[in-house]
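To be precise, the following lines are final_26.cif, and they hold mmCIF, N, CA and C atoms.
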data_model
loop_
_atom_site.label_atom_id
_atom_site.label_comp_id
_atom_site.auth_asym_id
_atom_site.auth_seq_id
_atom_site.Cartn_x
_atom_site.Cartn_y
_atom_site.Cartn_z
N MET H 1174 177.81 157.64 114.93
CA MET H 1174 176.53 157.93 114.33
C MET H 1174 175.68 156.66 114.32
N ALA H 1175 174.41 156.76 114.61
CA ALA H 1175 173.51 155.60 114.66
C ALA H 1175 173.05 155.24 113.25
N PRO H 1176 172.90 153.93 112.98
CA PRO H 1176 172.44 153.53 111.65
C PRO H 1176 171.00 154.00 111.42
N LYS H 1177 170.73 154.31 110.17
CA LYS H 1177 169.39 154.78 109.81
C LYS H 1177 168.44 153.60 109.70
N VAL H 1178 167.26 153.76 110.21
CA VAL H 1178 166.25 152.71 110.16
C VAL H 1178 165.30 153.03 109.01
N ALA H 1179 164.99 152.01 108.21
CA ALA H 1179 164.08 152.22 107.08
C ALA H 1179 162.69 152.52 107.62
N THR H 1180 162.08 153.54 107.06
CA THR H 1180 160.73 153.90 107.50
C THR H 1180 159.73 153.38 106.50
N LYS H 1181 158.57 153.01 107.01
CA LYS H 1181 157.51 152.52 106.12
C LYS H 1181 156.88 153.69 105.39
N ALA H 1182 156.50 153.43 104.16
CA ALA H 1182 155.84 154.47 103.37
C ALA H 1182 154.43 154.68 103.90
N LYS H 1183 154.04 155.90 103.99
CA LYS H 1183 152.70 156.21 104.45
C LYS H 1183 151.72 156.03 103.29
N PRO H 1184 150.47 155.67 103.60
CA PRO H 1184 149.50 155.40 102.54
C PRO H 1184 149.32 156.55 101.56
N ASN H 1185 149.42 157.77 102.00
CA ASN H 1185 149.19 158.90 101.10
C ASN H 1185 150.39 159.14 100.17
N GLN H 1186 151.52 158.49 100.43
CA GLN H 1186 152.70 158.66 99.60
C GLN H 1186 152.77 157.63 98.47
N LEU H 1187 151.97 156.58 98.52
CA LEU H 1187 151.98 155.56 97.48
C LEU H 1187 151.36 156.08 96.20
N LYS H 1188 151.80 155.52 95.08
CA LYS H 1188 151.25 155.91 93.79
C LYS H 1188 149.80 155.47 93.71
N LYS H 1189 149.00 156.30 93.13
CA LYS H 1189 147.59 155.96 92.96
C LYS H 1189 147.38 155.45 91.54
N VAL H 1190 146.60 154.39 91.42
CA VAL H 1190 146.28 153.81 90.12
C VAL H 1190 145.01 154.48 89.62
N GLN H 1191 145.04 154.85 88.36
CA GLN H 1191 143.87 155.49 87.79
C GLN H 1191 142.73 154.50 87.69
N LYS H 1192 141.54 154.95 88.07
CA LYS H 1192 140.39 154.06 88.08
C LYS H 1192 139.86 153.80 86.67
N GLY H 1193 139.98 154.72 85.77
CA GLY H 1193 139.46 154.57 84.41
C GLY H 1193 140.35 153.75 83.50
N GLN H 1194 141.47 153.26 84.02
CA GLN H 1194 142.42 152.52 83.19
C GLN H 1194 141.91 151.10 82.93
N LYS H 1195 141.90 150.69 81.67
CA LYS H 1195 141.43 149.36 81.29
C LYS H 1195 142.62 148.45 81.04
N LYS H 1196 142.42 147.14 81.28
CA LYS H 1196 143.46 146.18 80.97
C LYS H 1196 143.52 145.94 79.47
N LYS H 1197 144.70 145.64 78.99
CA LYS H 1197 144.87 145.34 77.57
C LYS H 1197 144.20 143.99 77.28
N LYS H 1198 143.43 143.92 76.23
CA LYS H 1198 142.70 142.72 75.89
C LYS H 1198 143.68 141.63 75.43
N LEU H 1199 143.56 140.46 76.04
CA LEU H 1199 144.43 139.34 75.73
C LEU H 1199 143.89 138.59 74.52
N SER H 1200 144.74 138.34 73.56
CA SER H 1200 144.31 137.60 72.37
C SER H 1200 145.41 136.60 72.00
N LEU H 1201 145.13 135.33 72.27
CA LEU H 1201 146.07 134.26 71.95
C LEU H 1201 145.58 133.49 70.75
N ARG H 1202 146.50 133.05 69.90
CA ARG H 1202 146.14 132.32 68.69
C ARG H 1202 147.11 131.17 68.51
N PHE H 1203 146.57 129.94 68.51
CA PHE H 1203 147.39 128.76 68.33
C PHE H 1203 146.89 127.99 67.10
N THR H 1204 147.81 127.35 66.39
CA THR H 1204 147.47 126.63 65.18
C THR H 1204 147.95 125.18 65.30
N ILE H 1205 147.11 124.25 64.87
CA ILE H 1205 147.50 122.85 64.80
C ILE H 1205 147.43 122.45 63.33
N ASP H 1206 148.58 122.10 62.77
CA ASP H 1206 148.68 121.74 61.36
C ASP H 1206 148.56 120.22 61.21
N CYS H 1207 147.48 119.78 60.59
CA CYS H 1207 147.20 118.34 60.42
C CYS H 1207 147.33 117.91 58.97
N THR H 1208 148.17 118.55 58.20
CA THR H 1208 148.26 118.34 56.76
C THR H 1208 148.54 116.88 56.38
N HIS H 1209 149.59 116.27 56.95
CA HIS H 1209 149.99 114.92 56.53
C HIS H 1209 148.93 113.87 56.84
N PRO H 1210 148.40 113.78 58.06
CA PRO H 1210 147.39 112.73 58.31
C PRO H 1210 146.07 112.96 57.57
N VAL H 1211 145.71 114.21 57.31
CA VAL H 1211 144.46 114.48 56.59
C VAL H 1211 144.61 114.09 55.12
N GLU H 1212 145.77 114.38 54.52
CA GLU H 1212 146.00 114.00 53.13
C GLU H 1212 145.97 112.48 52.96
N ASP H 1213 146.45 111.75 53.97
CA ASP H 1213 146.46 110.29 53.90
C ASP H 1213 145.12 109.68 54.29
N GLY H 1214 144.21 110.51 54.79
CA GLY H 1214 142.86 110.04 55.10
C GLY H 1214 142.71 109.31 56.42
N ILE H 1215 143.67 109.45 57.33
CA ILE H 1215 143.55 108.74 58.61
C ILE H 1215 143.01 109.62 59.73
N LEU H 1216 142.92 110.93 59.49
CA LEU H 1216 142.43 111.86 60.52
C LEU H 1216 141.25 112.65 59.96
N ASP H 1217 140.20 112.74 60.75
CA ASP H 1217 139.01 113.49 60.36
C ASP H 1217 139.01 114.83 61.09
N MET H 1218 139.12 115.92 60.34
CA MET H 1218 139.20 117.25 60.94
C MET H 1218 137.92 117.64 61.67
N VAL H 1219 136.77 117.22 61.17
CA VAL H 1219 135.50 117.58 61.79
C VAL H 1219 135.40 116.97 63.18
N SER H 1220 135.78 115.70 63.32
CA SER H 1220 135.71 115.06 64.63
C SER H 1220 136.76 115.64 65.58
N PHE H 1221 137.92 116.03 65.06
CA PHE H 1221 138.95 116.65 65.89
C PHE H 1221 138.48 118.00 66.43
N GLU H 1222 137.85 118.78 65.56
CA GLU H 1222 137.32 120.08 65.97
C GLU H 1222 136.24 119.90 67.04
N ARG H 1223 135.33 118.94 66.81
CA ARG H 1223 134.25 118.67 67.77
C ARG H 1223 134.82 118.22 69.11
N PHE H 1224 135.87 117.38 69.06
CA PHE H 1224 136.53 116.89 70.28
C PHE H 1224 137.07 118.05 71.10
N LEU H 1225 137.75 118.99 70.43
CA LEU H 1225 138.30 120.14 71.16
C LEU H 1225 137.20 121.01 71.75
N LEU H 1226 136.14 121.24 70.99
CA LEU H 1226 135.03 122.06 71.49
C LEU H 1226 134.39 121.44 72.73
N GLU H 1227 134.30 120.12 72.75
CA GLU H 1227 133.67 119.43 73.88
C GLU H 1227 134.60 119.32 75.09
N ARG H 1228 135.91 119.24 74.87
CA ARG H 1228 136.84 118.93 75.95
C ARG H 1228 137.56 120.12 76.56
N ILE H 1229 137.60 121.27 75.90
CA ILE H 1229 138.32 122.42 76.45
C ILE H 1229 137.61 122.89 77.71
N LYS H 1230 138.37 122.99 78.80
CA LYS H 1230 137.82 123.41 80.08
C LYS H 1230 138.11 124.89 80.32
N ILE H 1231 137.09 125.59 80.80
CA ILE H 1231 137.24 126.98 81.24
C ILE H 1231 136.65 127.05 82.64
N ASN H 1232 137.46 127.46 83.59
CA ASN H 1232 137.06 127.53 85.00
C ASN H 1232 136.53 126.18 85.50
N GLY H 1233 137.14 125.08 85.06
CA GLY H 1233 136.78 123.76 85.52
C GLY H 1233 135.54 123.16 84.88
N LYS H 1234 134.99 123.80 83.86
CA LYS H 1234 133.79 123.30 83.21
C LYS H 1234 134.06 123.06 81.73
N THR H 1235 133.64 121.90 81.23
CA THR H 1235 133.84 121.59 79.82
C THR H 1235 132.63 122.03 79.01
N GLY H 1236 132.87 122.34 77.75
CA GLY H 1236 131.78 122.65 76.83
C GLY H 1236 131.16 124.02 76.99
N GLN H 1237 131.66 124.85 77.90
CA GLN H 1237 131.10 126.18 78.09
C GLN H 1237 132.14 127.23 77.71
N LEU H 1238 132.36 127.35 76.40
CA LEU H 1238 133.39 128.26 75.92
C LEU H 1238 132.95 129.71 75.98
N ALA H 1239 131.65 129.96 75.84
CA ALA H 1239 131.05 131.29 76.00
C ALA H 1239 131.76 132.39 75.21
N GLY H 1240 132.22 132.09 74.02
CA GLY H 1240 132.83 133.11 73.18
C GLY H 1240 134.23 133.52 73.60
N GLN H 1241 134.75 132.92 74.66
CA GLN H 1241 136.10 133.27 75.12
C GLN H 1241 137.16 132.49 74.36
N VAL H 1242 136.79 131.29 73.92
CA VAL H 1242 137.71 130.45 73.14
C VAL H 1242 136.98 130.01 71.88
N ASN H 1243 137.61 130.22 70.73
CA ASN H 1243 137.02 129.82 69.45
C ASN H 1243 137.92 128.79 68.78
N VAL H 1244 137.29 127.78 68.17
CA VAL H 1244 138.02 126.78 67.41
C VAL H 1244 137.52 126.85 65.97
N GLU H 1245 138.43 127.14 65.04
CA GLU H 1245 138.06 127.28 63.63
C GLU H 1245 138.85 126.28 62.79
N ARG H 1246 138.19 125.72 61.80
CA ARG H 1246 138.82 124.75 60.91
C ARG H 1246 139.01 125.38 59.54
N THR H 1247 140.23 125.34 59.03
CA THR H 1247 140.51 125.81 57.68
C THR H 1247 141.26 124.71 56.94
N LYS H 1248 140.57 124.02 56.06
CA LYS H 1248 141.10 122.90 55.27
C LYS H 1248 141.86 121.89 56.15
N GLN H 1249 143.16 122.05 56.31
CA GLN H 1249 143.95 121.07 57.04
C GLN H 1249 144.59 121.64 58.30
N LYS H 1250 144.11 122.79 58.73
CA LYS H 1250 144.63 123.41 59.95
C LYS H 1250 143.49 123.73 60.89
N LEU H 1251 143.79 123.71 62.18
CA LEU H 1251 142.83 124.06 63.21
C LEU H 1251 143.39 125.26 63.95
N VAL H 1252 142.61 126.33 64.06
CA VAL H 1252 143.06 127.55 64.72
C VAL H 1252 142.24 127.74 65.99
N VAL H 1253 142.94 127.85 67.13
CA VAL H 1253 142.29 128.08 68.41
C VAL H 1253 142.65 129.49 68.86
N THR H 1254 141.64 130.36 68.99
CA THR H 1254 141.86 131.72 69.47
C THR H 1254 141.21 131.86 70.84
N SER H 1255 141.88 132.58 71.73
CA SER H 1255 141.41 132.71 73.09
C SER H 1255 141.54 134.14 73.57
N GLU H 1256 140.55 134.60 74.31
CA GLU H 1256 140.59 135.93 74.90
C GLU H 1256 140.93 135.87 76.38
N ILE H 1257 141.12 134.67 76.90
CA ILE H 1257 141.51 134.47 78.30
C ILE H 1257 142.85 133.75 78.31
N PRO H 1258 143.54 133.71 79.43
CA PRO H 1258 144.81 132.97 79.48
C PRO H 1258 144.58 131.50 79.12
N PHE H 1259 145.34 131.02 78.14
CA PHE H 1259 145.15 129.67 77.62
C PHE H 1259 146.53 129.08 77.32
N SER H 1260 146.76 127.87 77.76
CA SER H 1260 148.07 127.24 77.64
C SER H 1260 148.21 126.48 76.33
N LYS H 1261 149.33 126.68 75.67
CA LYS H 1261 149.63 125.93 74.46
C LYS H 1261 149.85 124.47 74.81
N ARG H 1262 150.41 124.24 75.98
CA ARG H 1262 150.66 122.89 76.46
C ARG H 1262 149.35 122.12 76.65
N TYR H 1263 148.30 122.81 77.09
CA TYR H 1263 146.98 122.19 77.27
C TYR H 1263 146.42 121.74 75.92
N LEU H 1264 146.68 122.52 74.89
CA LEU H 1264 146.24 122.16 73.54
C LEU H 1264 146.98 120.91 73.06
N LYS H 1265 148.26 120.81 73.38
CA LYS H 1265 149.02 119.61 73.03
C LYS H 1265 148.48 118.40 73.77
N TYR H 1266 148.15 118.57 75.04
CA TYR H 1266 147.58 117.50 75.85
C TYR H 1266 146.28 116.98 75.24
N LEU H 1267 145.40 117.89 74.85
CA LEU H 1267 144.12 117.49 74.25
C LEU H 1267 144.32 116.81 72.90
N THR H 1268 145.30 117.28 72.12
CA THR H 1268 145.59 116.67 70.82
C THR H 1268 146.08 115.24 71.00
N LYS H 1269 146.97 115.03 71.97
CA LYS H 1269 147.47 113.69 72.23
C LYS H 1269 146.35 112.78 72.73
N LYS H 1270 145.45 113.33 73.51
CA LYS H 1270 144.31 112.56 74.01
C LYS H 1270 143.40 112.12 72.85
N PHE H 1271 143.20 113.02 71.88
CA PHE H 1271 142.40 112.69 70.70
C PHE H 1271 143.07 111.58 69.89
N LEU H 1272 144.38 111.70 69.70
CA LEU H 1272 145.11 110.68 68.94
C LEU H 1272 145.03 109.32 69.63
N LYS H 1273 145.13 109.30 70.95
CA LYS H 1273 145.05 108.05 71.69
C LYS H 1273 143.66 107.44 71.57
N LYS H 1274 142.63 108.28 71.65
CA LYS H 1274 141.25 107.81 71.54
C LYS H 1274 141.00 107.15 70.19
N ASN H 1275 141.58 107.70 69.13
CA ASN H 1275 141.39 107.17 67.78
C ASN H 1275 142.48 106.18 67.37
N LYS H 1276 143.29 105.75 68.32
CA LYS H 1276 144.36 104.76 68.11
C LYS H 1276 145.36 105.20 67.04
N LEU H 1277 145.66 106.49 67.04
CA LEU H 1277 146.64 107.05 66.10
C LEU H 1277 147.94 107.45 66.80
N ARG H 1278 147.97 107.32 68.12
CA ARG H 1278 149.11 107.79 68.91
C ARG H 1278 150.39 107.02 68.58
N ASP H 1279 150.26 105.77 68.11
CA ASP H 1279 151.44 104.97 67.77
C ASP H 1279 152.13 105.43 66.49
N TRP H 1280 151.41 106.17 65.65
CA TRP H 1280 151.98 106.59 64.35
C TRP H 1280 152.21 108.10 64.24
N LEU H 1281 151.50 108.87 65.03
CA LEU H 1281 151.62 110.33 64.94
C LEU H 1281 152.17 110.92 66.22
N ARG H 1282 152.87 112.04 66.08
CA ARG H 1282 153.33 112.78 67.24
C ARG H 1282 153.06 114.27 67.03
N VAL H 1283 153.01 115.00 68.13
CA VAL H 1283 152.70 116.41 68.10
C VAL H 1283 154.00 117.17 68.32
N ILE H 1284 154.36 118.00 67.35
CA ILE H 1284 155.64 118.73 67.40
C ILE H 1284 155.37 120.23 67.29
N ALA H 1285 156.06 120.99 68.12
CA ALA H 1285 155.97 122.45 68.04
C ALA H 1285 156.97 122.92 67.00
N ASN H 1286 156.46 123.50 65.91
CA ASN H 1286 157.37 123.99 64.88
C ASN H 1286 157.47 125.51 64.88
N ALA H 1287 156.72 126.17 65.75
CA ALA H 1287 156.82 127.62 65.94
C ALA H 1287 156.32 127.94 67.35
N LYS H 1288 156.44 129.18 67.73
CA LYS H 1288 156.06 129.57 69.09
C LYS H 1288 154.58 129.35 69.35
N ASP H 1289 153.76 129.52 68.35
CA ASP H 1289 152.31 129.40 68.54
C ASP H 1289 151.70 128.36 67.60
N GLN H 1290 152.48 127.33 67.24
CA GLN H 1290 151.99 126.38 66.26
C GLN H 1290 152.46 124.96 66.58
N TYR H 1291 151.56 124.00 66.40
CA TYR H 1291 151.88 122.58 66.50
C TYR H 1291 151.68 121.93 65.14
N GLU H 1292 152.36 120.81 64.95
CA GLU H 1292 152.22 120.06 63.70
C GLU H 1292 152.14 118.57 64.04
N LEU H 1293 151.26 117.85 63.34
CA LEU H 1293 151.17 116.41 63.51
C LEU H 1293 152.06 115.75 62.46
N ARG H 1294 153.03 114.97 62.93
CA ARG H 1294 153.97 114.30 62.03
C ARG H 1294 153.99 112.81 62.33
N TYR H 1295 154.42 112.06 61.34
CA TYR H 1295 154.59 110.62 61.53
C TYR H 1295 155.92 110.36 62.22
N PHE H 1296 155.97 109.28 63.00
CA PHE H 1296 157.25 108.84 63.54
C PHE H 1296 158.11 108.34 62.40
N ASN H 1297 159.43 108.50 62.49
CA ASN H 1297 160.34 108.05 61.44
C ASN H 1297 160.76 106.61 61.74
N ILE H 1298 159.87 105.67 61.51
CA ILE H 1298 160.12 104.27 61.84
C ILE H 1298 161.13 103.65 60.88
N ASP H 1299 161.04 103.94 59.60
CA ASP H 1299 161.94 103.35 58.60
C ASP H 1299 163.39 103.73 58.87
N GLN H 1300 163.63 104.96 59.20
CA GLN H 1300 165.00 105.42 59.46
C GLN H 1300 165.57 104.77 60.71
N GLU H 1301 164.73 104.56 61.73
CA GLU H 1301 165.21 103.92 62.96
C GLU H 1301 165.59 102.47 62.71
N GLU H 1302 164.79 101.75 61.90
CA GLU H 1302 165.09 100.35 61.59
C GLU H 1302 166.37 100.24 60.79
N GLU H 1303 166.60 101.14 59.84
CA GLU H 1303 167.81 101.11 59.04
C GLU H 1303 169.04 101.38 59.91
N ALA H 1304 168.91 102.28 60.86
CA ALA H 1304 170.02 102.58 61.75
C ALA H 1304 170.37 101.38 62.63
N GLU H 1305 169.35 100.62 63.07
CA GLU H 1305 169.59 99.43 63.88
C GLU H 1305 170.28 98.34 63.07
N GLU H 1306 169.88 98.18 61.80
CA GLU H 1306 170.48 97.17 60.95
C GLU H 1306 171.94 97.49 60.65
N GLU H 1307 172.27 98.76 60.46
CA GLU H 1307 173.64 99.17 60.15
C GLU H 1307 174.54 98.98 61.35
N SER H 1308 174.03 99.20 62.56
CA SER H 1308 174.86 99.08 63.76
C SER H 1308 175.12 97.63 64.13
N SER H 1309 174.34 96.66 63.61
CA SER H 1309 174.56 95.24 63.96
C SER H 1309 175.68 94.62 63.19
#

Is it possible to give me this structure as structure tokens?
Amino acid sequence: MAPKVATKAKPNQLKKVQKGQKKKKLSLRFTIDCTHPVEDGILDMVSFERFLLERIKINGKTGQLAGQVNVERTKQKLVVTSEIPFSKRYLKYLTKKFLKKNKLRDWLRVIANAKDQYELRYFNIDQEEEAEEESS
């Protein structure tokens, strides 16, 4: 018996996609918790919010958010909501860039404490020095 050869599907046999079907609206929400540096007075939330609004790029253009990306400030947290695909990693990149610009990168780090949340924490310098002294 001869082996069977796979036949190509004819165009009229393929499933048809309904034309009236709409895509599900994408809604992403990320939070940056700046509680510790704001309480100590070394970070200004207003300038951080302004920095993000000016630097977030959409389709290669900065400053043109056009209602697709919103940045909201609530006391010591910054909430970024997006209706288009938006990377959490990009938000971390911009946060680190802001810290470097304000010369805070040596004392603060950006840590993901949840799937959709970042937190600014201090480096544990005292604990590292104590560990070095004990090992000597």

Apply the PyMOL selection byres (((chain H and resi 1260 and name CA) around 12) and name CA) to the displayed file and report the matching residues as a CSV table (one decimal) with N, CA and C atoms, in the frame of the given file.
chain,number,residue,atom,x,y,z
H,1201,LEU,N,145.1,135.3,72.3
H,1201,LEU,CA,146.1,134.3,72.0
H,1201,LEU,C,145.6,133.5,70.8
H,1202,ARG,N,146.5,133.0,69.9
H,1202,ARG,CA,146.1,132.3,68.7
H,1202,ARG,C,147.1,131.2,68.5
H,1203,PHE,N,146.6,129.9,68.5
H,1203,PHE,CA,147.4,128.8,68.3
H,1203,PHE,C,146.9,128.0,67.1
H,1229,ILE,N,137.6,121.3,75.9
H,1229,ILE,CA,138.3,122.4,76.4
H,1229,ILE,C,137.6,122.9,77.7
H,1230,LYS,N,138.4,123.0,78.8
H,1230,LYS,CA,137.8,123.4,80.1
H,1230,LYS,C,138.1,124.9,80.3
H,1231,ILE,N,137.1,125.6,80.8
H,1231,ILE,CA,137.2,127.0,81.2
H,1231,ILE,C,136.6,127.0,82.6
H,1242,VAL,N,136.8,131.3,73.9
H,1242,VAL,CA,137.7,130.4,73.1
H,1242,VAL,C,137.0,130.0,71.9
H,1253,VAL,N,142.9,127.8,67.1
H,1253,VAL,CA,142.3,128.1,68.4
H,1253,VAL,C,142.6,129.5,68.9
H,1254,THR,N,141.6,130.4,69.0
H,1254,THR,CA,141.9,131.7,69.5
H,1254,THR,C,141.2,131.9,70.8
H,1255,SER,N,141.9,132.6,71.7
H,1255,SER,CA,141.4,132.7,73.1
H,1255,SER,C,141.5,134.1,73.6
H,1256,GLU,N,140.6,134.6,74.3
H,1256,GLU,CA,140.6,135.9,74.9
H,1256,GLU,C,140.9,135.9,76.4
H,1257,ILE,N,141.1,134.7,76.9
H,1257,ILE,CA,141.5,134.5,78.3
H,1257,ILE,C,142.8,133.8,78.3
H,1258,PRO,N,143.5,133.7,79.4
H,1258,PRO,CA,144.8,133.0,79.5
H,1258,PRO,C,144.6,131.5,79.1
H,1259,PHE,N,145.3,131.0,78.1
H,1259,PHE,CA,145.2,129.7,77.6
H,1259,PHE,C,146.5,129.1,77.3
H,1261,LYS,N,149.3,126.7,75.7
H,1261,LYS,CA,149.6,125.9,74.5
H,1261,LYS,C,149.8,124.5,74.8
H,1262,ARG,N,150.4,124.2,76.0
H,1262,ARG,CA,150.7,122.9,76.5
H,1262,ARG,C,149.4,122.1,76.6
H,1263,TYR,N,148.3,122.8,77.1
H,1263,TYR,CA,147.0,122.2,77.3
H,1263,TYR,C,146.4,121.7,75.9
H,1264,LEU,N,146.7,122.5,74.9
H,1264,LEU,CA,146.2,122.2,73.5
H,1264,LEU,C,147.0,120.9,73.1
H,1265,LYS,N,148.3,120.8,73.4
H,1265,LYS,CA,149.0,119.6,73.0
H,1265,LYS,C,148.5,118.4,73.8
H,1266,TYR,N,148.2,118.6,75.0
H,1266,TYR,CA,147.6,117.5,75.8
H,1266,TYR,C,146.3,117.0,75.2
H,1267,LEU,N,145.4,117.9,74.8
H,1267,LEU,CA,144.1,117.5,74.2
H,1267,LEU,C,144.3,116.8,72.9
H,1288,LYS,N,156.4,129.2,67.7
H,1288,LYS,CA,156.1,129.6,69.1
H,1288,LYS,C,154.6,129.4,69.4
H,1289,ASP,N,153.8,129.5,68.4
H,1289,ASP,CA,152.3,129.4,68.5
H,1289,ASP,C,151.7,128.4,67.6

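Here atom N of Leu1293 in chain H and atom N of Thr1204 in chain H stand 10.6 Å from one another.
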
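Rounded to one decimal, atom N of Phe1296 in chain H and CA of Asn1243 in chain H lie 28.7 Å from each other.
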
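Matched in the shown structure by the PyMOL selection byres ((chain H and resi 1292) around 8): Thr1204, Ile1205, Asp1206, Cys1207, Thr1208, His1209, Leu1281, Arg1282, Val1283, Ile1284, Ala1285, Asn1286, Ala1287, Gln1290, Tyr1291, Leu1293, Arg1294 and Tyr1295 of chain H.
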
Pick the closest to Leu1225 in chain H from H:Gln1249, H:Thr1268, H:Arg1278, H:Ser1200: which is it, counting only N, CA and C atoms? H:Thr1268

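Atom C of Ala1239 in chain H is positioned 25.1 Å from CA of Asp1217 in chain H.
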
Rebuild range 1279-1293 of chain H to N, CA, C and O atoms - output it as an mmCIF file, in the coordinates of the input, please.
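Output below, filename rebuild-v8.cif:
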data_model
loop_
_atom_site.group_PDB
_atom_site.id
_atom_site.type_symbol
_atom_site.label_atom_id
_atom_site.label_comp_id
_atom_site.auth_asym_id
_atom_site.auth_seq_id
_atom_site.Cartn_x
_atom_site.Cartn_y
_atom_site.Cartn_z
ATOM 1 N N ASP H 1279 150.260 105.770 68.110
ATOM 2 C CA ASP H 1279 151.440 104.970 67.770
ATOM 3 C C ASP H 1279 152.130 105.430 66.490
ATOM 4 O O ASP H 1279 153.290 105.116 66.266
ATOM 5 N N TRP H 1280 151.410 106.170 65.650
ATOM 6 C CA TRP H 1280 151.980 106.590 64.350
ATOM 7 C C TRP H 1280 152.210 108.100 64.240
ATOM 8 O O TRP H 1280 153.021 108.520 63.440
ATOM 9 N N LEU H 1281 151.500 108.870 65.030
ATOM 10 C CA LEU H 1281 151.620 110.330 64.940
ATOM 11 C C LEU H 1281 152.170 110.920 66.220
ATOM 12 O O LEU H 1281 151.939 110.392 67.303
ATOM 13 N N ARG H 1282 152.870 112.040 66.080
ATOM 14 C CA ARG H 1282 153.330 112.780 67.240
ATOM 15 C C ARG H 1282 153.060 114.270 67.030
ATOM 16 O O ARG H 1282 152.899 114.728 65.897
ATOM 17 N N VAL H 1283 153.010 115.000 68.130
ATOM 18 C CA VAL H 1283 152.700 116.410 68.100
ATOM 19 C C VAL H 1283 154.000 117.170 68.320
ATOM 20 O O VAL H 1283 154.653 117.015 69.354
ATOM 21 N N ILE H 1284 154.360 118.000 67.350
ATOM 22 C CA ILE H 1284 155.640 118.730 67.400
ATOM 23 C C ILE H 1284 155.370 120.230 67.290
ATOM 24 O O ILE H 1284 154.574 120.665 66.466
ATOM 25 N N ALA H 1285 156.060 120.990 68.120
ATOM 26 C CA ALA H 1285 155.970 122.450 68.040
ATOM 27 C C ALA H 1285 156.970 122.920 67.000
ATOM 28 O O ALA H 1285 158.169 122.781 67.177
ATOM 29 N N ASN H 1286 156.460 123.500 65.910
ATOM 30 C CA ASN H 1286 157.370 123.990 64.880
ATOM 31 C C ASN H 1286 157.470 125.510 64.880
ATOM 32 O O ASN H 1286 158.216 126.078 64.102
ATOM 33 N N ALA H 1287 156.720 126.170 65.750
ATOM 34 C CA ALA H 1287 156.820 127.620 65.940
ATOM 35 C C ALA H 1287 156.320 127.940 67.350
ATOM 36 O O ALA H 1287 155.828 127.050 68.049
ATOM 37 N N LYS H 1288 156.440 129.180 67.730
ATOM 38 C CA LYS H 1288 156.060 129.570 69.090
ATOM 39 C C LYS H 1288 154.580 129.350 69.350
ATOM 40 O O LYS H 1288 154.178 129.002 70.464
ATOM 41 N N ASP H 1289 153.760 129.520 68.350
ATOM 42 C CA ASP H 1289 152.310 129.400 68.540
ATOM 43 C C ASP H 1289 151.700 128.360 67.600
ATOM 44 O O ASP H 1289 150.549 128.469 67.212
ATOM 45 N N GLN H 1290 152.480 127.330 67.240
ATOM 46 C CA GLN H 1290 151.990 126.380 66.260
ATOM 47 C C GLN H 1290 152.460 124.960 66.580
ATOM 48 O O GLN H 1290 153.599 124.751 66.996
ATOM 49 N N TYR H 1291 151.560 124.000 66.400
ATOM 50 C CA TYR H 1291 151.880 122.580 66.500
ATOM 51 C C TYR H 1291 151.680 121.930 65.140
ATOM 52 O O TYR H 1291 150.902 122.412 64.335
ATOM 53 N N GLU H 1292 152.360 120.810 64.950
ATOM 54 C CA GLU H 1292 152.220 120.060 63.700
ATOM 55 C C GLU H 1292 152.140 118.570 64.040
ATOM 56 O O GLU H 1292 152.854 118.097 64.925
ATOM 57 N N LEU H 1293 151.260 117.850 63.340
ATOM 58 C CA LEU H 1293 151.170 116.410 63.510
ATOM 59 C C LEU H 1293 152.060 115.750 62.460
ATOM 60 O O LEU H 1293 151.883 115.975 61.272
#
